[in-house]
Amino acid sequence: MIEGLRRAGSAEAEAAGELVRRAYARWVPRIGREPGPMGDDYAERIAQAEVWVVERDGALVALLILVPQPDGLLLENVAVAPEAQGRGLGKALLDH
């Protein structure tokens, strides 16, 4: 189990969106547009119980979007805040 991993609460939609924007920002100049996850509706994702977050010291540092499918789960997104990247958190979320 990843320390601090839990389902996102409805009040965290804005923070989840901001986390994703920061995590993906470096790709915008490289691909010439915002990646799809940057425009996602995190309030709706949270309402559908698809968003898992990792919180450290009162701030969201990573998230995982898992969408139920008839035969399993679709891993829709893994995002790690820039300041938390390179520490194995993304891999730990994938392993989860």
# chains A, B, ... in the order shown; residues from 1 in each chain; ligands from 1
$ select_by_dssp --residues "chain A" --states "helix (DSSP H, G or I)" --output "ChimeraX atom specification"
/A:10-31,36-39,42-47,82-84,89-95
$ residues_around --residues "stretch 73-75 of chain A" --least-positions-apart "6" --cutoff "9 Å" --atoms "only C-alpha atoms" --output "count of residues only"
5
$ residues_around --residues "A:Gln85" --least-positions-apart "3" --cutoff "12 Å" --atoms "only C-alpha atoms" --output "ChimeraX atom specification"
/A:22-24,61-62,78-82,88-92
$ select_by_dssp --residues "stretch 3-96 of chain A" --states "strand (DSSP E or B)" --output "PDB file with all heavy atoms, in the first residue's frame"
ATOM      1  N   LEU A   5      -2.302   7.051   0.018  1.00  0.00           N
ATOM      2  CA  LEU A   5      -3.181   6.764  -1.117  1.00  0.00           C
ATOM      3  C   LEU A   5      -4.611   6.599  -0.625  1.00  0.00           C
ATOM      4  O   LEU A   5      -4.875   5.861   0.318  1.00  0.00           O
ATOM      5  CB  LEU A   5      -2.739   5.491  -1.840  1.00  0.00           C
ATOM      6  CG  LEU A   5      -3.613   5.048  -3.020  1.00  0.00           C
ATOM      7  CD1 LEU A   5      -3.540   6.054  -4.155  1.00  0.00           C
ATOM      8  CD2 LEU A   5      -3.196   3.671  -3.500  1.00  0.00           C
ATOM      9  N   ARG A   6      -5.537   7.322  -1.285  1.00  0.00           N
ATOM     10  CA  ARG A   6      -6.958   7.238  -0.927  1.00  0.00           C
ATOM     11  C   ARG A   6      -7.775   7.766  -2.096  1.00  0.00           C
ATOM     12  O   ARG A   6      -7.241   8.389  -3.014  1.00  0.00           O
ATOM     13  CB  ARG A   6      -7.232   8.064   0.312  1.00  0.00           C
ATOM     14  CG  ARG A   6      -6.863   9.529   0.137  1.00  0.00           C
ATOM     15  CD  ARG A   6      -7.251  10.378   1.324  1.00  0.00           C
ATOM     16  NE  ARG A   6      -6.753  11.723   1.223  1.00  0.00           N
ATOM     17  CZ  ARG A   6      -7.212  12.662   0.394  1.00  0.00           C
ATOM     18  NH1 ARG A   6      -8.212  12.392  -0.421  1.00  0.00           N
ATOM     19  NH2 ARG A   6      -6.691  13.873   0.378  1.00  0.00           N
ATOM     20  N   ARG A   7      -9.076   7.509  -2.053  1.00  0.00           N
ATOM     21  CA  ARG A   7      -9.968   8.080  -3.065  1.00  0.00           C
ATOM     22  C   ARG A   7     -10.061   9.584  -2.853  1.00  0.00           C
ATOM     23  O   ARG A   7     -10.076  10.056  -1.723  1.00  0.00           O
ATOM     24  CB  ARG A   7     -11.355   7.477  -2.966  1.00  0.00           C
ATOM     25  CG  ARG A   7     -11.422   6.084  -3.518  1.00  0.00           C
ATOM     26  CD  ARG A   7     -12.874   5.716  -3.789  1.00  0.00           C
ATOM     27  NE  ARG A   7     -12.996   4.321  -4.069  1.00  0.00           N
ATOM     28  CZ  ARG A   7     -13.000   3.802  -5.292  1.00  0.00           C
ATOM     29  NH1 ARG A   7     -12.894   4.594  -6.331  1.00  0.00           N
ATOM     30  NH2 ARG A   7     -13.112   2.510  -5.464  1.00  0.00           N
ATOM     31  N   VAL A  51     -11.077   8.530  -9.159  1.00  0.00           N
ATOM     32  CA  VAL A  51      -9.840   9.228  -8.839  1.00  0.00           C
ATOM     33  C   VAL A  51      -9.278   8.794  -7.494  1.00  0.00           C
ATOM     34  O   VAL A  51      -9.957   8.862  -6.469  1.00  0.00           O
ATOM     35  CB  VAL A  51     -10.050  10.767  -8.823  1.00  0.00           C
ATOM     36  CG1 VAL A  51      -8.733  11.486  -8.553  1.00  0.00           C
ATOM     37  CG2 VAL A  51     -10.663  11.244 -10.126  1.00  0.00           C
ATOM     38  N   TRP A  52      -8.048   8.361  -7.535  1.00  0.00           N
ATOM     39  CA  TRP A  52      -7.276   8.038  -6.335  1.00  0.00           C
ATOM     40  C   TRP A  52      -6.163   9.077  -6.241  1.00  0.00           C
ATOM     41  O   TRP A  52      -5.572   9.441  -7.264  1.00  0.00           O
ATOM     42  CB  TRP A  52      -6.662   6.644  -6.444  1.00  0.00           C
ATOM     43  CG  TRP A  52      -7.681   5.558  -6.433  1.00  0.00           C
ATOM     44  CD1 TRP A  52      -8.452   5.138  -7.483  1.00  0.00           C
ATOM     45  CD2 TRP A  52      -8.053   4.772  -5.318  1.00  0.00           C
ATOM     46  NE1 TRP A  52      -9.281   4.124  -7.080  1.00  0.00           N
ATOM     47  CE2 TRP A  52      -9.058   3.875  -5.751  1.00  0.00           C
ATOM     48  CE3 TRP A  52      -7.638   4.727  -3.985  1.00  0.00           C
ATOM     49  CZ2 TRP A  52      -9.646   2.955  -4.901  1.00  0.00           C
ATOM     50  CZ3 TRP A  52      -8.224   3.806  -3.142  1.00  0.00           C
ATOM     51  CH2 TRP A  52      -9.210   2.939  -3.595  1.00  0.00           C
ATOM     52  N   VAL A  53      -5.870   9.547  -5.053  1.00  0.00           N
ATOM     53  CA  VAL A  53      -4.827  10.554  -4.867  1.00  0.00           C
ATOM     54  C   VAL A  53      -3.841  10.112  -3.798  1.00  0.00           C
ATOM     55  O   VAL A  53      -4.157   9.290  -2.935  1.00  0.00           O
ATOM     56  CB  VAL A  53      -5.419  11.934  -4.490  1.00  0.00           C
ATOM     57  CG1 VAL A  53      -6.237  12.503  -5.638  1.00  0.00           C
ATOM     58  CG2 VAL A  53      -6.236  11.864  -3.218  1.00  0.00           C
ATOM     59  N   VAL A  54      -2.650  10.680  -3.899  1.00  0.00           N
ATOM     60  CA  VAL A  54      -1.638  10.514  -2.863  1.00  0.00           C
ATOM     61  C   VAL A  54      -1.414  11.902  -2.276  1.00  0.00           C
ATOM     62  O   VAL A  54      -1.128  12.849  -3.009  1.00  0.00           O
ATOM     63  CB  VAL A  54      -0.316   9.944  -3.414  1.00  0.00           C
ATOM     64  CG1 VAL A  54       0.730   9.863  -2.313  1.00  0.00           C
ATOM     65  CG2 VAL A  54      -0.549   8.588  -4.059  1.00  0.00           C
ATOM     66  N   GLU A  55      -1.553  11.990  -0.968  1.00  0.00           N
ATOM     67  CA  GLU A  55      -1.372  13.247  -0.262  1.00  0.00           C
ATOM     68  C   GLU A  55      -0.144  13.142   0.627  1.00  0.00           C
ATOM     69  O   GLU A  55       0.042  12.144   1.319  1.00  0.00           O
ATOM     70  CB  GLU A  55      -2.608  13.542   0.589  1.00  0.00           C
ATOM     71  CG  GLU A  55      -2.546  14.846   1.324  1.00  0.00           C
ATOM     72  CD  GLU A  55      -3.798  15.105   2.141  1.00  0.00           C
ATOM     73  OE1 GLU A  55      -4.752  14.321   2.082  1.00  0.00           O
ATOM     74  OE2 GLU A  55      -3.795  16.111   2.852  1.00  0.00           O
ATOM     75  N   ARG A  56       0.656  14.171   0.586  1.00  0.00           N
ATOM     76  CA  ARG A  56       1.831  14.262   1.453  1.00  0.00           C
ATOM     77  C   ARG A  56       1.890  15.672   2.027  1.00  0.00           C
ATOM     78  O   ARG A  56       1.790  16.645   1.271  1.00  0.00           O
ATOM     79  CB  ARG A  56       3.120  13.973   0.678  1.00  0.00           C
ATOM     80  CG  ARG A  56       3.171  12.600   0.027  1.00  0.00           C
ATOM     81  CD  ARG A  56       3.790  11.554   0.934  1.00  0.00           C
ATOM     82  NE  ARG A  56       3.568  10.199   0.506  1.00  0.00           N
ATOM     83  CZ  ARG A  56       4.253   9.530  -0.402  1.00  0.00           C
ATOM     84  NH1 ARG A  56       5.245  10.112  -1.023  1.00  0.00           N
ATOM     85  NH2 ARG A  56       3.962   8.280  -0.683  1.00  0.00           N
ATOM     86  N   ALA A  59      -0.766  18.198   0.844  1.00  0.00           N
ATOM     87  CA  ALA A  59      -0.904  18.547  -0.575  1.00  0.00           C
ATOM     88  C   ALA A  59      -0.993  17.286  -1.426  1.00  0.00           C
ATOM     89  O   ALA A  59      -0.357  16.269  -1.108  1.00  0.00           O
ATOM     90  CB  ALA A  59       0.282  19.389  -1.027  1.00  0.00           C
ATOM     91  N   LEU A  60      -1.752  17.361  -2.517  1.00  0.00           N
ATOM     92  CA  LEU A  60      -1.810  16.244  -3.453  1.00  0.00           C
ATOM     93  C   LEU A  60      -0.519  16.215  -4.256  1.00  0.00           C
ATOM     94  O   LEU A  60      -0.112  17.233  -4.807  1.00  0.00           O
ATOM     95  CB  LEU A  60      -2.995  16.398  -4.399  1.00  0.00           C
ATOM     96  CG  LEU A  60      -4.385  16.437  -3.772  1.00  0.00           C
ATOM     97  CD1 LEU A  60      -5.449  16.456  -4.868  1.00  0.00           C
ATOM     98  CD2 LEU A  60      -4.607  15.281  -2.828  1.00  0.00           C
ATOM     99  N   VAL A  61       0.117  15.045  -4.305  1.00  0.00           N
ATOM    100  CA  VAL A  61       1.366  14.919  -5.054  1.00  0.00           C
ATOM    101  C   VAL A  61       1.256  13.941  -6.216  1.00  0.00           C
ATOM    102  O   VAL A  61       2.148  13.906  -7.065  1.00  0.00           O
ATOM    103  CB  VAL A  61       2.556  14.534  -4.145  1.00  0.00           C
ATOM    104  CG1 VAL A  61       2.856  15.638  -3.146  1.00  0.00           C
ATOM    105  CG2 VAL A  61       2.323  13.214  -3.455  1.00  0.00           C
ATOM    106  N   ALA A  62       0.169  13.167  -6.260  1.00  0.00           N
ATOM    107  CA  ALA A  62      -0.001  12.227  -7.360  1.00  0.00           C
ATOM    108  C   ALA A  62      -1.461  11.818  -7.442  1.00  0.00           C
ATOM    109  O   ALA A  62      -2.196  11.911  -6.458  1.00  0.00           O
ATOM    110  CB  ALA A  62       0.875  10.988  -7.157  1.00  0.00           C
ATOM    111  N   LEU A  63      -1.852  11.382  -8.643  1.00  0.00           N
ATOM    112  CA  LEU A  63      -3.193  10.829  -8.785  1.00  0.00           C
ATOM    113  C   LEU A  63      -3.206   9.709  -9.796  1.00  0.00           C
ATOM    114  O   LEU A  63      -2.324   9.585 -10.634  1.00  0.00           O
ATOM    115  CB  LEU A  63      -4.236  11.899  -9.100  1.00  0.00           C
ATOM    116  CG  LEU A  63      -4.241  12.645 -10.419  1.00  0.00           C
ATOM    117  CD1 LEU A  63      -4.683  11.806 -11.600  1.00  0.00           C
ATOM    118  CD2 LEU A  63      -5.174  13.824 -10.304  1.00  0.00           C
ATOM    119  N   LEU A  64      -4.232   8.912  -9.681  1.00  0.00           N
ATOM    120  CA  LEU A  64      -4.437   7.746 -10.522  1.00  0.00           C
ATOM    121  C   LEU A  64      -5.912   7.737 -10.898  1.00  0.00           C
ATOM    122  O   LEU A  64      -6.770   7.901 -10.026  1.00  0.00           O
ATOM    123  CB  LEU A  64      -4.085   6.490  -9.718  1.00  0.00           C
ATOM    124  CG  LEU A  64      -4.328   5.116 -10.306  1.00  0.00           C
ATOM    125  CD1 LEU A  64      -3.378   4.860 -11.462  1.00  0.00           C
ATOM    126  CD2 LEU A  64      -4.129   4.047  -9.239  1.00  0.00           C
ATOM    127  N   ILE A  65      -6.210   7.592 -12.186  1.00  0.00           N
ATOM    128  CA  ILE A  65      -7.589   7.488 -12.648  1.00  0.00           C
ATOM    129  C   ILE A  65      -7.803   6.048 -13.093  1.00  0.00           C
ATOM    130  O   ILE A  65      -7.132   5.570 -14.010  1.00  0.00           O
ATOM    131  CB  ILE A  65      -7.878   8.431 -13.837  1.00  0.00           C
ATOM    132  CG1 ILE A  65      -7.492   9.858 -13.537  1.00  0.00           C
ATOM    133  CG2 ILE A  65      -9.342   8.292 -14.279  1.00  0.00           C
ATOM    134  CD1 ILE A  65      -8.393  10.616 -12.632  1.00  0.00           C
ATOM    135  N   LEU A  66      -8.726   5.370 -12.440  1.00  0.00           N
ATOM    136  CA  LEU A  66      -9.091   3.999 -12.788  1.00  0.00           C
ATOM    137  C   LEU A  66     -10.573   3.973 -13.138  1.00  0.00           C
ATOM    138  O   LEU A  66     -11.419   4.341 -12.320  1.00  0.00           O
ATOM    139  CB  LEU A  66      -8.830   3.054 -11.612  1.00  0.00           C
ATOM    140  CG  LEU A  66      -7.373   2.857 -11.221  1.00  0.00           C
ATOM    141  CD1 LEU A  66      -7.269   2.016  -9.949  1.00  0.00           C
ATOM    142  CD2 LEU A  66      -6.602   2.188 -12.352  1.00  0.00           C
ATOM    143  N   VAL A  67     -10.882   3.530 -14.354  1.00  0.00           N
ATOM    144  CA  VAL A  67     -12.257   3.501 -14.840  1.00  0.00           C
ATOM    145  C   VAL A  67     -12.729   2.054 -14.909  1.00  0.00           C
ATOM    146  O   VAL A  67     -12.135   1.246 -15.634  1.00  0.00           O
ATOM    147  CB  VAL A  67     -12.358   4.160 -16.239  1.00  0.00           C
ATOM    148  CG1 VAL A  67     -13.790   4.163 -16.730  1.00  0.00           C
ATOM    149  CG2 VAL A  67     -11.779   5.567 -16.205  1.00  0.00           C
ATOM    150  N   PRO A  68     -13.779   1.715 -14.164  1.00  0.00           N
ATOM    151  CA  PRO A  68     -14.299   0.346 -14.219  1.00  0.00           C
ATOM    152  C   PRO A  68     -14.764  -0.020 -15.632  1.00  0.00           C
ATOM    153  O   PRO A  68     -15.401   0.782 -16.314  1.00  0.00           O
ATOM    154  CB  PRO A  68     -15.490   0.371 -13.250  1.00  0.00           C
ATOM    155  CG  PRO A  68     -15.240   1.540 -12.358  1.00  0.00           C
ATOM    156  CD  PRO A  68     -14.519   2.547 -13.209  1.00  0.00           C
ATOM    157  N   GLN A  69     -14.417  -1.221 -16.051  1.00  0.00           N
ATOM    158  CA  GLN A  69     -14.812  -1.774 -17.338  1.00  0.00           C
ATOM    159  C   GLN A  69     -15.455  -3.129 -17.072  1.00  0.00           C
ATOM    160  O   GLN A  69     -15.242  -3.714 -16.006  1.00  0.00           O
ATOM    161  CB  GLN A  69     -13.588  -1.952 -18.241  1.00  0.00           C
ATOM    162  CG  GLN A  69     -12.812  -0.676 -18.529  1.00  0.00           C
ATOM    163  CD  GLN A  69     -13.573   0.266 -19.419  1.00  0.00           C
ATOM    164  OE1 GLN A  69     -13.903  -0.079 -20.550  1.00  0.00           O
ATOM    165  NE2 GLN A  69     -13.865   1.456 -18.919  1.00  0.00           N
ATOM    166  N   GLY A  72     -12.580  -5.518 -16.188  1.00  0.00           N
ATOM    167  CA  GLY A  72     -11.448  -5.073 -15.376  1.00  0.00           C
ATOM    168  C   GLY A  72     -11.474  -3.573 -15.171  1.00  0.00           C
ATOM    169  O   GLY A  72     -12.536  -2.959 -15.123  1.00  0.00           O
ATOM    170  N   LEU A  73     -10.297  -2.992 -15.075  1.00  0.00           N
ATOM    171  CA  LEU A  73     -10.153  -1.552 -14.883  1.00  0.00           C
ATOM    172  C   LEU A  73      -9.319  -0.965 -16.014  1.00  0.00           C
ATOM    173  O   LEU A  73      -8.317  -1.558 -16.428  1.00  0.00           O
ATOM    174  CB  LEU A  73      -9.447  -1.249 -13.558  1.00  0.00           C
ATOM    175  CG  LEU A  73     -10.208  -1.578 -12.288  1.00  0.00           C
ATOM    176  CD1 LEU A  73      -9.292  -1.451 -11.069  1.00  0.00           C
ATOM    177  CD2 LEU A  73     -11.419  -0.672 -12.136  1.00  0.00           C
ATOM    178  N   LEU A  74      -9.706   0.212 -16.496  1.00  0.00           N
ATOM    179  CA  LEU A  74      -8.929   0.946 -17.479  1.00  0.00           C
ATOM    180  C   LEU A  74      -8.119   1.982 -16.726  1.00  0.00           C
ATOM    181  O   LEU A  74      -8.670   2.825 -16.020  1.00  0.00           O
ATOM    182  CB  LEU A  74      -9.854   1.646 -18.478  1.00  0.00           C
ATOM    183  CG  LEU A  74      -9.176   2.633 -19.437  1.00  0.00           C
ATOM    184  CD1 LEU A  74      -8.204   1.908 -20.360  1.00  0.00           C
ATOM    185  CD2 LEU A  74     -10.219   3.400 -20.225  1.00  0.00           C
ATOM    186  N   LEU A  75      -6.802   1.912 -16.864  1.00  0.00           N
ATOM    187  CA  LEU A  75      -5.935   2.911 -16.257  1.00  0.00           C
ATOM    188  C   LEU A  75      -5.922   4.095 -17.211  1.00  0.00           C
ATOM    189  O   LEU A  75      -5.337   4.039 -18.281  1.00  0.00           O
ATOM    190  CB  LEU A  75      -4.522   2.348 -16.061  1.00  0.00           C
ATOM    191  CG  LEU A  75      -3.613   3.255 -15.238  1.00  0.00           C
ATOM    192  CD1 LEU A  75      -2.677   2.418 -14.407  1.00  0.00           C
ATOM    193  CD2 LEU A  75      -2.871   4.210 -16.108  1.00  0.00           C
ATOM    194  N   GLU A  76      -6.613   5.153 -16.830  1.00  0.00           N
ATOM    195  CA  GLU A  76      -6.805   6.317 -17.688  1.00  0.00           C
ATOM    196  C   GLU A  76      -5.686   7.347 -17.545  1.00  0.00           C
ATOM    197  O   GLU A  76      -5.335   8.020 -18.505  1.00  0.00           O
ATOM    198  CB  GLU A  76      -8.150   6.958 -17.349  1.00  0.00           C
ATOM    199  CG  GLU A  76      -8.534   8.118 -18.197  1.00  0.00           C
ATOM    200  CD  GLU A  76      -9.313   7.711 -19.430  1.00  0.00           C
ATOM    201  OE1 GLU A  76      -9.728   6.550 -19.561  1.00  0.00           O
ATOM    202  OE2 GLU A  76      -9.507   8.584 -20.274  1.00  0.00           O
ATOM    203  N   ASN A  77      -5.142   7.495 -16.338  1.00  0.00           N
ATOM    204  CA  ASN A  77      -4.159   8.549 -16.123  1.00  0.00           C
ATOM    205  C   ASN A  77      -3.354   8.261 -14.860  1.00  0.00           C
ATOM    206  O   ASN A  77      -3.895   7.794 -13.864  1.00  0.00           O
ATOM    207  CB  ASN A  77      -4.881   9.896 -15.979  1.00  0.00           C
ATOM    208  CG  ASN A  77      -3.956  11.090 -15.942  1.00  0.00           C
ATOM    209  OD1 ASN A  77      -2.752  10.978 -16.141  1.00  0.00           O
ATOM    210  ND2 ASN A  77      -4.523  12.242 -15.669  1.00  0.00           N
ATOM    211  N   VAL A  78      -2.075   8.573 -14.932  1.00  0.00           N
ATOM    212  CA  VAL A  78      -1.187   8.616 -13.768  1.00  0.00           C
ATOM    213  C   VAL A  78      -0.465   9.951 -13.862  1.00  0.00           C
ATOM    214  O   VAL A  78       0.150  10.239 -14.886  1.00  0.00           O
ATOM    215  CB  VAL A  78      -0.153   7.466 -13.760  1.00  0.00           C
ATOM    216  CG1 VAL A  78       0.829   7.640 -12.614  1.00  0.00           C
ATOM    217  CG2 VAL A  78      -0.834   6.118 -13.675  1.00  0.00           C
ATOM    218  N   ALA A  79      -0.575  10.756 -12.831  1.00  0.00           N
ATOM    219  CA  ALA A  79       0.096  12.057 -12.826  1.00  0.00           C
ATOM    220  C   ALA A  79       0.813  12.242 -11.497  1.00  0.00           C
ATOM    221  O   ALA A  79       0.255  11.944 -10.441  1.00  0.00           O
ATOM    222  CB  ALA A  79      -0.913  13.187 -13.039  1.00  0.00           C
ATOM    223  N   VAL A  80       2.042  12.733 -11.582  1.00  0.00           N
ATOM    224  CA  VAL A  80       2.857  12.994 -10.388  1.00  0.00           C
ATOM    225  C   VAL A  80       3.330  14.437 -10.461  1.00  0.00           C
ATOM    226  O   VAL A  80       3.844  14.874 -11.499  1.00  0.00           O
ATOM    227  CB  VAL A  80       4.055  12.020 -10.294  1.00  0.00           C
ATOM    228  CG1 VAL A  80       4.905  12.322  -9.070  1.00  0.00           C
ATOM    229  CG2 VAL A  80       3.573  10.570 -10.276  1.00  0.00           C
TER     230      VAL A  80
END
$ residues_around --residues "A:Ala11" --least-positions-apart "3" --cutoff "10 Å" --atoms "only C-alpha atoms" --output "list in words"
Ala8, Glu14, Ala15, Ala16, Ala43 and Ile46 of chain A
$ closest_residue --among "A:Pro70, A:Gly86, A:Gly17, A:Gly58" --to "A:Met38" --atoms "only C-alpha atoms"
A:Gly17
$ atom_distance --atom1 "atom CA of A:Ala49" --atom2 "atom CA of A:Gly9"
8.9 Å
$ atom_distance --atom1 "atom CA of A:Glu83" --atom2 "atom CA of A:Asp95"
20.8 Å
$ atom_distance --atom1 "atom CA of A:Gln48" --atom2 "atom CA of A:Asp71"
17.7 Å
